[in-house]
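Asker: What follows is a structure written as structure tokens; I'll ask about it next.
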There are 2 protein chains.
Amino acid sequence: MKSYQEMTMEELLAEKAILKAEYKKYQAKDLHLDMSRGKPSQEQLDLSMGMMDVLGSDADLTCDDGTDCRNYGVLDGIQEAKELLGDMIEVNPDNIIIYGNSSLNVMYDTISRSMTHGVMGNTPWCKLDKVKFLCPVPGYDRHFAITEYFGIEMINVPMLSTGPDMDMVEELVSSDEAIKGIWCVPKYSNPQGITYSDETVRRFARLKPAAKDFRIYWDNAYCVHHLYDINQDHLIEILKECKRAGNPDMVYKFCSTSKISFPGSGVAAIATSANNLEDIKKQLKNQTIGYDKVNQLRHVRYFKDIHGITEHMRKHAEILRPKFEMITDTFERELSGLGVGSWYTPKGGYFIAYETLEGCAKDVVARMQKAGVTMTPAGAPFPYGKDPKDTVIRIAPSYPSVENLKTATEIFVICVKLASIKKLIAEMEAAGNTAE
Amino acid sequence: MKSYQEMTMEELLAEKAILKAEYKKYQAKDLHLDMSRGKPSQEQLDLSMGMMDVLGSDADLTCDDGTDCRNYGVLDGIQEAKELLGDMIEVNPDNIIIYGNSSLNVMYDTISRSMTHGVMGNTPWCKLDKVKFLCPVPGYDRHFAITEYFGIEMINVPMLSTGPDMDMVEELVSSDEAIKGIWCVPKYSNPQGITYSDETVRRFARLKPAAKDFRIYWDNAYCVHHLYDINQDHLIEILKECKRAGNPDMVYKFCSTSKISFPGSGVAAIATSANNLEDIKKQLKNQTIGYDKVNQLRHVRYFKDIHGITEHMRKHAEILRPKFEMITDTFERELSGLGVGSWYTPKGGYFIAYETLEGCAKDVVARMQKAGVTMTPAGAPFPYGKDPKDTVIRIAPSYPSVENLKTATEIFVICVKLASIKKLIAEMEAAGNTAE
């Protein structure tokens, strides 16, 4: 197969004409499709409906330690929930605080607390002239929204196939005391689906930050969100690795059951060292008497243990896998070898990132919109919404039906090709190599 | 009946001897009673168990507007919940945001947001040299803990039988730009059970604050927590009154269902002007995608409407009323006319405050502890835990059984008498008026 770069202007124009015709056929269908947000589908939500039955009016809502989950109390979560989530994220239950329904909320509160009260006795960030965060890109837009909201300067760090560029991370973190954190989605990353390599995790644990209050914000959002049973990525557990490396307090690890049970009605948690936990609880006791223990118990009674979660996630995978495979298969069949971009083939998580030729992402997203398919805005996976090369498009396969997704992917392929041809023709014209 | 003040030293010593003997009899019983926190009793919690059945696995978790409560989205709460809580706190549903499980958390976040980002475009409080709050005393310890945590200077304002001393409030608020708020529990106040009078609410609404970002923190915690069906206190609705007075943005009103359904597993809300809501949502969208909509829907389906809440609260009242009445009846019978202190007889809420002679509160609480009854620490209802006159003791009747509460109240009466006699004897001795 000839790549677009190898084609003559005539060939490109011929290809463009065919694609335009196809594009118009889709436009005529008046579609309303959405590949923009990582929401579970209705079919996935149905998987957890059994959870609504485990605590009926005849249920005993008492914990093993005698706590009545219906009443006030228990700031850091019921023991049973700590054990379940501890197994899920591979940490000791003693290192966990169970929160409300949203890990994003926990992350926001962590930044907010650091702003007003500092980290473990260090100067509150609001008293500093400058606070900076490292942001592996592309990354999660809601992470960047938090740091932007607090006026924290964000520095892009390129994602490699092994995770963030660790040469750059090490260099920056060890030299600049204003750098207080780094946003990480270390497993099946949002949006590329990359899992940090063993070397990357070990280098993270061995960082020598200039700032004593530097913390790794390790958002383990997709810890059990595999697409396959055997063919899974493995991520080294960061708390233990940091402890081994002599940096026990350097990481906050976040997780939730949002994409396991119900988004918005799950439980979230933070896992970190005893020192950090003590620091957090000093604040937390002023913020709340405790989170929703009945819902914590509901999750424990429903899943029972980590094997229950594994089996449950297998059902999610059965729904998600065909969607992911359909997209990457289509890309492979339709785009591979054309020289019009690249993508990773994730083994889990919620997203696929398509990387276009430079300067084409916005064009592709706009073309999609005009054909009735809403995509995550180009630029969104970058701090301040600015993709410096305009190349990354986040694709969220979970919510639409396979049929709708198939249509959307067919249109996507056409839009990528059209945007690439437009760019290549413009380049040829700029070089004086016109067809005339 | 002779008051203690009218007694001679001999009479006091005789009374003391009798009381000491009674006290020792109770001490010998090795009691472990607790009147310290305002937790609903198990019997009260049982009232809401039906709530566990309304959303089973066969339930449709879709809102009237088509929102699937199981999925992400809806930052400010489902419409049905806004309507239910709107009726509960007498505000337009459009003026409400429904949060998670804790109104304390909402109040904390409100202060925290004001610290880092300011109120409606005003300077963030963390950039100011000094921020002050007015604190009607006695008041709610967890309110004061929040402002103390953020380094906000707290100024005591005495509670009168009509609410806070409004002469003092008006004077301070209009003259000091550093005063940014006032903590209020306007109905069945914690801990005295006082409801602010019509005049007090009208004067609140007509405040002319020196600070543009001054807000009334109106914690309507006990809005529907009446002990009687007809003999209820009425509180003027503050949002409407502020609007009428030309101060529409001056109040944040908080509420929750914590003491209606399950503490820790209820829903909380803020009600305020459109301007304030817009200001809050600018922040909130960075903090969370949304709160637990399934639990919001659970509350709506269970209570159905405000009449459902009224009927439900009637059942709570039937459990709480005998406890409150037993205590105030005992006080009336045993303490009235003795000149050893005073109390209000609340028509709702969760607390009774006993006001001892000056300098006796700590002594009473210590005596209670030695007899096996845990009380809220003396001083707790004051900023920094300091009761300047050492007179206020908060009594929480809800959690213990009537039988245990009866015993505890009998001991309380003895301890009040003993502490008062000790004080009066010391005064006589200091005045040279000894029995020898």
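By order in the structure tokens, chains are A, B, ...; within a chain, residues start at 1; ligands start at 1, following the order shown.
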Give me, as a count of residues only, the residues of chain A touching chain B, with the criterion being at most 6 Å (counting only C-alpha atoms).
Answerer: 22
Asker: Excluding A:Gly193 and any residue of its chain fewer than 6 positions from it, enumerate the residues within 8 Å of it, using only C-alpha atoms, and give them as a VMD selection string.
Answerer: chain A and resid 187 344 to 353
Asker: Let me see the file: selected residues, N, CA and C atoms, as a compact mmCIF listing (two decimals), in the first residue's frame.
Answerer:
```txt
# COMPACT_ATOMS: atom_id res chain seq x y z
N LYS A 187 -1.85 3.32 34.84
CA LYS A 187 -2.27 2.06 34.22
C LYS A 187 -3.37 2.35 33.21
N TYR A 344 -2.05 3.70 20.08
CA TYR A 344 -1.71 2.50 20.85
C TYR A 344 -2.93 1.59 20.86
N THR A 345 -2.68 0.32 21.05
CA THR A 345 -3.78 -0.63 21.20
C THR A 345 -3.85 -1.03 22.67
N PRO A 346 -4.76 -0.37 23.44
CA PRO A 346 -4.77 -0.57 24.89
C PRO A 346 -5.29 -1.96 25.28
N LYS A 347 -4.78 -2.45 26.38
CA LYS A 347 -5.30 -3.71 26.94
C LYS A 347 -6.28 -3.46 28.07
N GLY A 348 -6.66 -2.22 28.27
CA GLY A 348 -7.61 -1.89 29.33
C GLY A 348 -7.91 -0.41 29.33
N GLY A 349 -8.63 0.01 30.35
CA GLY A 349 -8.96 1.42 30.49
C GLY A 349 -10.20 1.82 29.73
N TYR A 350 -10.30 3.10 29.41
CA TYR A 350 -11.53 3.62 28.82
C TYR A 350 -11.34 4.39 27.53
N PHE A 351 -10.08 4.50 27.08
CA PHE A 351 -9.85 5.39 25.94
C PHE A 351 -8.86 4.83 24.94
N ILE A 352 -8.98 5.37 23.74
CA ILE A 352 -7.97 5.20 22.70
C ILE A 352 -7.59 6.61 22.26
N ALA A 353 -6.29 6.85 22.08
CA ALA A 353 -5.87 8.15 21.57
C ALA A 353 -5.37 7.98 20.16
```
Asker: Report as an MDAnalysis selection string all protein, DNA and RNA residues lying within 6 Å of B:Cys135, evaluated on only C-alpha atoms, omitting residues in the same chain fewer than 4 positions from it.
Answerer: chainID B and resid 155:157 182:183
Asker: Just the number, please: distance in Å from atom CA of B:Asp64 to atom CA of B:Gln79, one decimal.
Answerer: 8.3 Å
Asker: Name the residues in contact with stretch 390-406 of chain A at a cut-off of 8 Å, using only C-alpha atoms, excluding same-chain residues fewer than 5 positions from it; report them as a count of residues only.
Answerer: 39
Asker: Please identify all polymer residues within 6 Å of B:Ser3, counting only C-alpha atoms, omitting same-chain residues fewer than 4 positions from it, and present them as a list in words.
Answerer: Gly337, Leu338 and Gly339 of chain B
Asker: Keeping only C-alpha atoms, write the selected residues as an mmCIF file, in the first residue's frame.
Answerer:
```
data_model
loop_
_atom_site.group_PDB
_atom_site.id
_atom_site.type_symbol
_atom_site.label_atom_id
_atom_site.label_comp_id
_atom_site.auth_asym_id
_atom_site.auth_seq_id
_atom_site.Cartn_x
_atom_site.Cartn_y
_atom_site.Cartn_z
ATOM 1 C CA GLY B 337 -36.259 27.761 92.315
ATOM 2 C CA LEU B 338 -32.932 26.563 93.715
ATOM 3 C CA GLY B 339 -30.997 29.360 92.020
#
```
Asker: Quick one: residues within 8 Å of stretch 237-239 of chain A, only C-alpha atoms, excluding same-chain residues fewer than 3 positions away - as a PyMOL selection string?
Answerer: chain A and resi 90-91+201+205+242-243+248+251+253+272-273
Asker: How would you write, as an NGL selection string, the set of residues in stretch 181-344 of chain B that DSSP gives as helix (DSSP H, G or I)?
Answerer: :B and (198-205 or 238-244 or 274-287 or 293-303 or 306-335)
Asker: Do you have the atom CA of A:Glu6-atom CA of A:Asp387 distance handy?
Answerer: 27.2 Å
Asker: Could you list, as a ChimeraX atom specification, every residue within 7 Å of B:Pro93, counting only C-alpha atoms and ignoring same-chain residues fewer than 5 positions away?
Answerer: /B:82-83,86
Asker: Take the selection from the previous step and output its residues with C-alpha atoms, as a compact mmCIF listing (two decimals), in the first residue's frame.
Answerer:
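To be explicit, this is the file written out as selection.txt:
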```txt
# COMPACT_ATOMS: atom_id res chain seq x y z
CA LYS B 82 -34.23 19.81 44.49
CA GLU B 83 -38.00 19.92 44.68
CA GLY B 86 -36.82 22.94 48.30
```
Asker: Looking at A:Gly341, A:Gly118, A:Pro124, A:Gly372, which one is nearest to A:Tyr26, with distances taken over only C-alpha atoms?
Answerer: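 Among A:Gly341, A:Gly118, A:Pro124, A:Gly372, it is A:Gly372 that comes nearest to A:Tyr26.
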Asker: Once DSSP has gone over the backbone, tell me which residues of stretch 226-429 of chain A are in strand (DSSP E or B), as a PyMOL selection string.
Answerer: chain A and resi 226+251-256+268-271+341-343+348+352-356+373-375+392-395
Asker: Could you turn the residues from that selection into a file that holds C-alpha atoms, as a PDB file, in the first residue's frame?
Answerer:
```
ATOM      1  CA  HIS A 226      -8.604  -4.976  31.909  1.00  0.00           C
ATOM      2  CA  VAL A 251       2.956   9.337  46.743  1.00  0.00           C
ATOM      3  CA  TYR A 252      -0.811   9.777  47.015  1.00  0.00           C
ATOM      4  CA  LYS A 253      -2.613   6.939  45.291  1.00  0.00           C
ATOM      5  CA  PHE A 254      -6.242   7.436  44.268  1.00  0.00           C
ATOM      6  CA  CYS A 255      -8.906   5.017  43.134  1.00  0.00           C
ATOM      7  CA  SER A 256     -12.655   4.538  42.980  1.00  0.00           C
ATOM      8  CA  ALA A 268     -13.440   6.459  46.301  1.00  0.00           C
ATOM      9  CA  ALA A 269     -10.243   6.104  48.300  1.00  0.00           C
ATOM     10  CA  ILE A 270      -6.772   7.427  48.881  1.00  0.00           C
ATOM     11  CA  ALA A 271      -3.853   5.172  49.822  1.00  0.00           C
ATOM     12  CA  GLY A 341      -1.078   9.025  12.255  1.00  0.00           C
ATOM     13  CA  SER A 342      -0.637   6.477  14.993  1.00  0.00           C
ATOM     14  CA  TRP A 343      -2.340   4.963  18.025  1.00  0.00           C
ATOM     15  CA  GLY A 348      -7.607  -1.890  29.331  1.00  0.00           C
ATOM     16  CA  ILE A 352      -7.970   5.196  22.703  1.00  0.00           C
ATOM     17  CA  ALA A 353      -5.869   8.155  21.573  1.00  0.00           C
ATOM     18  CA  TYR A 354      -5.413   8.770  17.899  1.00  0.00           C
ATOM     19  CA  GLU A 355      -2.421  10.875  17.003  1.00  0.00           C
ATOM     20  CA  THR A 356      -2.857  12.674  13.673  1.00  0.00           C
ATOM     21  CA  VAL A 373     -20.381  12.780  15.834  1.00  0.00           C
ATOM     22  CA  THR A 374     -19.346  14.590  19.018  1.00  0.00           C
ATOM     23  CA  MET A 375     -15.721  13.992  20.023  1.00  0.00           C
ATOM     24  CA  VAL A 392      -4.178  14.184  19.769  1.00  0.00           C
ATOM     25  CA  ILE A 393      -7.776  13.028  19.573  1.00  0.00           C
ATOM     26  CA  ARG A 394      -9.285  11.147  22.492  1.00  0.00           C
ATOM     27  CA  ILE A 395     -11.755   8.432  21.589  1.00  0.00           C
TER      28      ILE A 395
END
```
Asker: Between atom CA of B:Arg203 and atom CA of B:Asp167, what is the spacing in Å?
Answerer: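 Between atom CA of B:Asp167 and atom CA of B:Arg203 the gap works out to 9.3 Å.
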